[in-house]
Each structure stands twice: as C-alpha cells, then as structure tokens.
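Following: one structure in structure tokens, then a few remarks.
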Amino acid sequence: MPNVRVVSRNFMEMVAALPAAKLDDLYESPWTCQAVVRSLPPLAKQYVLRLLFVEAAVSSKSIQQWALTDALNKHKVAVDKLEQLRVLIDASERKKEVAYKLNPKLQKQLQEVLRTGGGVPRESLLASFAARVPSLVDLDNYATKQWEAVLLQLVSSAFAEGASTPMNSSLAQTFQRAGLITIPKGKEPPKITDNGFQFLLMDTNAQLWQIVREYVASAEDRAMDSADLISFLLELGFLNVGEPYNLNILSAMQQNVIKELAALGVLQIQAGTKDRWFIPTKLATNLSASISEDSTAPSGDGCVIVETNFRVYAYTTSKLQAEILRLFVRLEYQLPNLVVGSLTKESVSTAFASGISSDQMVTFLTKHAHPHAASKVPVVPETVTDQIRLWENDRNRVQMSPSYMYKDFPTMETYETVVNYARDIGALLWDDPAGQRLVGRAERHEEMRNFIRKQSAPPRR
C-alpha cells in the first residue's frame with residue numbers, strides 16, 4: 001500500500017503556476033506579498049530580507065556565498081522556490097553570469113510594510129457595533145462548531161450507519177475535487193477515499209489550506225478570476241479576529257466568498273436593520289499563516305491519553321474527536337465527557353486498509369495528547385508506537401508506488417545534489433549511489449525534471 005500524503009503546501013505551488021503577468025499583479029497587494037514570504041523556507045526568507053533594499057542585480061555566486069558550505073542543497077531549494085514564485089527574477093546580461101533581482105512590485109510593497117508597520121487591510125466598523133459582536137470565546141465556539149460540522153459530513157461517509165445524512169452539495173463537490181470522496185451513480189451516498197481518511201488526521205491548518213486550494217482551483221468554473229480570489233483570501237488572513245468589517249462595500253464576488261467561508265467557520269456573518277458585517281474567527285488567521293507539514297508537537301489543548309496496555313482515553317465532548325478516533329481505535333464505551341477504547345490489531349489494520357499510515361496515527365495521538373500525557377517523554381508510549389509500526393510492516397512488506405527512475409548523471413556531485421533535493425521535497429523512494437541511480441515519486445516528476453535540467457545546463461559566461 002503506497003503511503004500517499006495530502007500536502008497542503010500545494011496551494012503555493014498553484015500560486016506559482018499562475019501566468020507571470022497574473023503573479024506580478026498579485027504582488028500589487030502587500031498582504032499577498034507578506035503571505036508568500038511567510039510560506040518560504042527559512043533560507044529563502046533570509047535572501048528576501050538581504051535583497052529588500054538592494055536595487056542592483058546580484059550574481060548567483062554572491063547569493064550562494066551567503067549560505068554555509070554544508071547548506072548548499074538548501075540554498076538550491078530556496079532559490080528554486082523563489083524563482084517559481086517570481087520573488088526572484090532573472091536580471092542576467094548577455095554573456096555574463098546568472099544574476100537576480102527581487103520582483104520590483106513585491107520589493108516595493110515589502111519596503112512599505114517595513115516603513116509603516118503594515119496595519120490591517122480594512123478598517124473595522126465603529127464602536128457602536130461592539131455590543132452586538134460576540135466575545136472571542138463565543139466566536140471560537142462558533143468556529144469550532146462550524147468546522148466540526150464540515151468534517152462530520154466527511155466522517156459520516158466512512159461509516160455505513162452515518163451515511164444516511166445527506167451531504168451539502170457544494171461541500172460534496174469540493175470534497176470530490178480534492179479526491180477526499182467518491183460519489184457513486186444513483187442514490188448511493190458518497191464514499192470516503194484513502195486521501196479522505198488521511199485528511200481527517202491532518203491538523204486544522206493543513207485541512208483548511210487543502211479545502212481553500214480546491215476552492216481556488218475551481219474558481220473559473222464559478223466565473224471568478226483565480227488571481228483576484230487568491231488575493232482576497234490572503235487579505236482576509238490579516239484582518240483582526242473578533243472585529244466587525246462592512247460586508248456591503250465588498251464586490252459581488254467577494255460577498256459570495258464571504259458566505260462560503262462562513263459555512264466553514266472562517267467568518268461569522270451578522271446583519272442589522274440596514275448594515276451587514278462579517279467577523280473573522282481564529283480560522284481566518286490560517287489563511288495568511290506559514291504552512292508546516294512537520295508540526296508534530298502537542299497542541300496544548302489535547303484530550304487523548306494512551307497507556308502502555310494500548311488503552312486510549314479521550315476526555316472530550318466532541319462528537320468529531322470520537323468519530324476520528326473510531327477510524328483506528330476500537331471504541332468500548334462513551335460517557336458525556338469521556339471516550340474509552342483500545343488500539344487492537346483489527347482496528348489498526350482496518351485503518352491501514354483505508355490508507356492511514358502508522359506515522360499518521362502516532363502523529364495524531366501526539367498532537368492531541370492531554371496536557372498530563374504531553375508532559376511525558378515520549379508522549380505516546382514506545383511499546384504502543386513500536387507495535388503499531390510492526391503491524392504496518394506485516395501488511396506493507398511490498399509497496400506499489402507510481403515512480404520514475406533517473407540515471408546517467410554527468411558527475412557524482414550532480415547526482416548527490418539531485419538526491420538531496422528529492423529528499424527535501426519528499427520525492428525520494430530509492431537511491432543507488434554506486435550506480436548513480438534514484439527513483440522518485442511520479443507526482444513530483446515535473447519538479448524533479450526541471451531541477452535536473454537546471455543542474456545539467458552549462459553555466460552562463
């Protein structure tokens with residue numbers, strides 16, 4: 001069974017795929033510029049800051065000298081990402097070495113942000129609305145309730161007894177485009193896919209980005225300009241949580257976006273006798289946050305305790321948490337604020353058959369650990385994690401994965417650079433240093449091919 005991961009970072013890859021003219025237009029907005037910089041690898045952020053007030057072109061050799069000798073692979077990944085997003089543009093002159101400049105539009109916007117301190121994209125409404133605005137606690141509860149309702153519709157498609165509740169048609173289309181569910185012909189209810197099971201175990205930030213990515217991908221089907229939609233979504237991420245903003249002054253496209261985001265719990269819409277306004281929730285801040293797939297630390301507000309005897313206790317009143325645990329835990333009984341179950345070979349094997357990996361289970365249990373368990377090292381007992389991985393190894397002795405083989409590299413140095421790049425982007429499946437061969441995931445082939453071409457191209461003079 002291939003270990004496929006749903007990668008939320010693809011949203012910025014989709015931004016990079018926009019035509020150069022549209023991407024440059026996006027950089028007219030300071031909020032888009034800030035969001036793009038936040039998404040960059042740490043070394044790439046350093047390069048942007050160093051070049052921010054440099055007007056002249058800087059040679060690629062000079063930029064490479066900013067990185068330590070043992071970080072050259074990270075340097076190449078950083079420059080590649082900056083080029084994809086047109087943060088760096090080629091400023092080479094004929095018959096001279098490669099040189100770069102910051103995108104002038106992005107450079108101008110970031111300079112202005114540093115000078116003025118940024119601020120917020122829109123002014124909130126007058127204090128007279130304060131009495132009608134919910135407290136931050138109520139707003140958090142609203143966001144949690146709305147988001148859990150969305151995920152519960154996805155969870156319900158995983159269990160036959162829960163599939164009788166009809167799924168929202170708009171949401172079903174988004175889930176289907178994202179590959180999270182399949183919709184059979186006839187009156188049969190939607191069925192969750194392997195990617196759908198994995199999606200449920202991702203953190204909220206990654207889940208939201210995955211939904212937003214698919215929402216943008218289908219923008220043209222709804223007669224929306226994708227660049228305008230991306231710019232507006234990223235702008236919303238910089239609004240102050242809990243403050244009201246005028247809805248009436250927005251364009252028709254923006255008002256439709258607000259309504260659909262409200263269904264996800266990203267915003268709350270309120271109306272008076274004449275005015276309408278929207279209030280960003282804590283989920284809205286994720287729209288401008290940097291995206292990290294590797295965050296496995298406990299969240300601090302978790303509820304799960306795993307014992308060495310494979311018993312699982314979840315101190316929660318959330319139906320969603322109980323349903324997600326049921327994906328790989330055999331639930332034994334449920335009280336108003338406590339769910340008790342066990343990790344068994346049968347329950348875990350059922351999860352493996354659905355496409356969930358042992359690492360995803362362990363990561364979920366770690367991130368949602370109760371504060372009492374989170375204070376221990378390790379958070380999940382080693383006897384439990386080792387056994388889960390052994391059960392997976394029993395099942396995954398042979399794995400099938402669509403892939404490409406790369407060979408015949410001109411030098412060993414080029415081969416090692418490509419291997420390290422493949423490892424950094426999660427594409428590497430197998431490598432053979434002696435024969436200078438490697439195998440990479442098929443879904444990363446375009447990135448690999450472009451990178452290899454750059455490495456094999458003769459240097460400019």
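Residues in the structure tokens are numbered from 1 in each chain, the chains being A, B, ... in the order shown, and ligands are numbered from 1 in the order shown.
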Need the shell around A:Leu139: protein/DNA/RNA residues with any atom at most 10 Å away, counting only C-alpha atoms. Skip same-chain ones fewer than 6 positions apart. Format as a compact mmCIF listing (two decimals) with all heavy atoms, in the first residue's frame?
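The new file around-v6.txt reads:
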```txt
# COMPACT_ATOMS: atom_id res chain seq x y z
N VAL A 133 -21.24 42.43 18.75
CA VAL A 133 -20.17 41.50 18.36
C VAL A 133 -19.98 40.44 19.45
O VAL A 133 -19.87 40.78 20.63
CB VAL A 133 -18.85 42.27 18.12
CG1 VAL A 133 -17.71 41.30 17.86
CG2 VAL A 133 -19.01 43.23 16.95
N LYS A 145 -17.59 24.76 16.06
CA LYS A 145 -18.84 24.06 15.72
C LYS A 145 -19.03 23.96 14.22
O LYS A 145 -19.37 22.89 13.69
CB LYS A 145 -20.02 24.81 16.34
CG LYS A 145 -21.37 24.16 16.08
CD LYS A 145 -22.50 24.95 16.73
CE LYS A 145 -23.86 24.32 16.42
NZ LYS A 145 -24.97 25.10 17.04
N VAL A 241 -9.00 39.30 14.37
CA VAL A 241 -10.02 38.36 14.83
C VAL A 241 -10.96 39.06 15.81
O VAL A 241 -10.52 39.78 16.71
CB VAL A 241 -9.36 37.14 15.51
CG1 VAL A 241 -10.42 36.23 16.14
CG2 VAL A 241 -8.51 36.37 14.52
N GLY A 242 -12.26 38.84 15.61
CA GLY A 242 -13.25 39.36 16.55
C GLY A 242 -13.74 40.77 16.27
O GLY A 242 -14.61 41.27 16.99
N GLY A 265 -16.79 28.20 8.99
CA GLY A 265 -16.43 28.71 10.30
C GLY A 265 -15.27 29.67 10.27
O GLY A 265 -14.76 30.08 11.32
N LEU A 267 -15.42 32.70 9.04
CA LEU A 267 -16.01 34.00 9.34
C LEU A 267 -17.40 33.80 9.90
O LEU A 267 -18.02 32.75 9.70
CB LEU A 267 -16.11 34.86 8.06
CG LEU A 267 -14.85 35.04 7.21
CD1 LEU A 267 -15.23 35.53 5.83
CD2 LEU A 267 -13.91 36.03 7.87
N GLN A 268 -17.90 34.82 10.58
CA GLN A 268 -19.30 34.83 11.01
C GLN A 268 -19.97 36.06 10.42
O GLN A 268 -19.42 37.17 10.48
CB GLN A 268 -19.42 34.85 12.54
CG GLN A 268 -20.87 34.75 13.02
CD GLN A 268 -20.97 34.74 14.54
OE1 GLN A 268 -20.36 35.56 15.21
NE2 GLN A 268 -21.74 33.81 15.09
N ILE A 279 -17.28 38.91 10.70
CA ILE A 279 -16.30 38.90 11.80
C ILE A 279 -15.36 37.71 11.60
O ILE A 279 -15.79 36.56 11.59
CB ILE A 279 -17.01 38.77 13.17
CG1 ILE A 279 -18.08 39.85 13.30
CG2 ILE A 279 -16.01 38.84 14.30
CD1 ILE A 279 -19.02 39.61 14.48
N PRO A 280 -14.07 37.95 11.41
CA PRO A 280 -13.12 36.84 11.25
C PRO A 280 -12.98 36.04 12.55
O PRO A 280 -12.97 36.60 13.65
CB PRO A 280 -11.79 37.54 10.92
CG PRO A 280 -12.18 38.92 10.46
CD PRO A 280 -13.42 39.26 11.22
N THR A 281 -12.89 34.74 12.42
CA THR A 281 -12.64 33.86 13.57
C THR A 281 -11.15 33.46 13.56
O THR A 281 -10.39 33.87 12.68
CB THR A 281 -13.51 32.59 13.49
OG1 THR A 281 -13.03 31.75 12.41
CG2 THR A 281 -14.96 32.94 13.24
N LYS A 282 -10.77 32.65 14.52
CA LYS A 282 -9.37 32.23 14.61
C LYS A 282 -8.93 31.43 13.38
O LYS A 282 -7.76 31.41 13.03
CB LYS A 282 -9.13 31.41 15.87
CG LYS A 282 -9.94 30.12 15.92
CD LYS A 282 -9.70 29.34 17.20
CE LYS A 282 -10.52 28.05 17.23
NZ LYS A 282 -10.31 27.29 18.48
```
For stretch 211-237 of chain A versus stretch 14-32 of chain A, which residues have an atom no more than 8 Å away, and what is each residue's nearest atom pair and distance in Å rounded to one decimal, using only C-alpha atoms, chain-then-number order, as CSV?
```
residue,atom,partner,partner_atom,distance
A:Arg213,CA,A:Met14,CA,7.9
A:Ala227,CA,A:Lys22,CA,6.4
A:Asp228,CA,A:Leu26,CA,7.7
A:Ser231,CA,A:Thr32,CA,5.9
A:Leu234,CA,A:Thr32,CA,5.8
A:Glu235,CA,A:Trp31,CA,5.3
```
How many Å separate atom CA of A:Glu220 from atom CA of A:Val257?
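Going from atom CA of A:Glu220 over to atom CA of A:Val257, I get 13.5 Å.
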Between atom CA of A:Ser135 and atom CA of A:Gln254, what is the distance in Å, rounded to a tenth?
25.2 Å
Contact residues around A:Ala263 with only C-alpha atoms at 12 Å, ignoring same-chain residues under 2 positions, as a VMD selection string
chain A and resid 142 to 151 168 170 to 171 256 to 261 265 to 269 283
As number ranges by chain, list the residues of stretch 238-341 of chain A assigned to strand (DSSP E) by DSSP on the backbone atoms of this structure.
A: 245-246, 267-271, 276-280, 304-306, 311-314, 330-335, 338-341
What is the distance between atom CA of A:Thr417 and atom CA of A:Asp70, in Å to one decimal?
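Rounded to one decimal, the two atoms are 11.6 Å apart.
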Please run DSSP on the backbone and report, as an MDAnalysis selection string, all residues within stretch 174-382 of chain A that come out as helix (DSSP H, G or I).
chainID A and resid 174:177 194:200 204:217 220:222 226:236 252:264 282:287 319:325 345:353 358:367 371:374 382
Close residues, A:Gly355 itself excluded, 7 Å, only C-alpha atoms, min 6 positions apart in chain, as a ChimeraX atom specification
/A:194,197-198
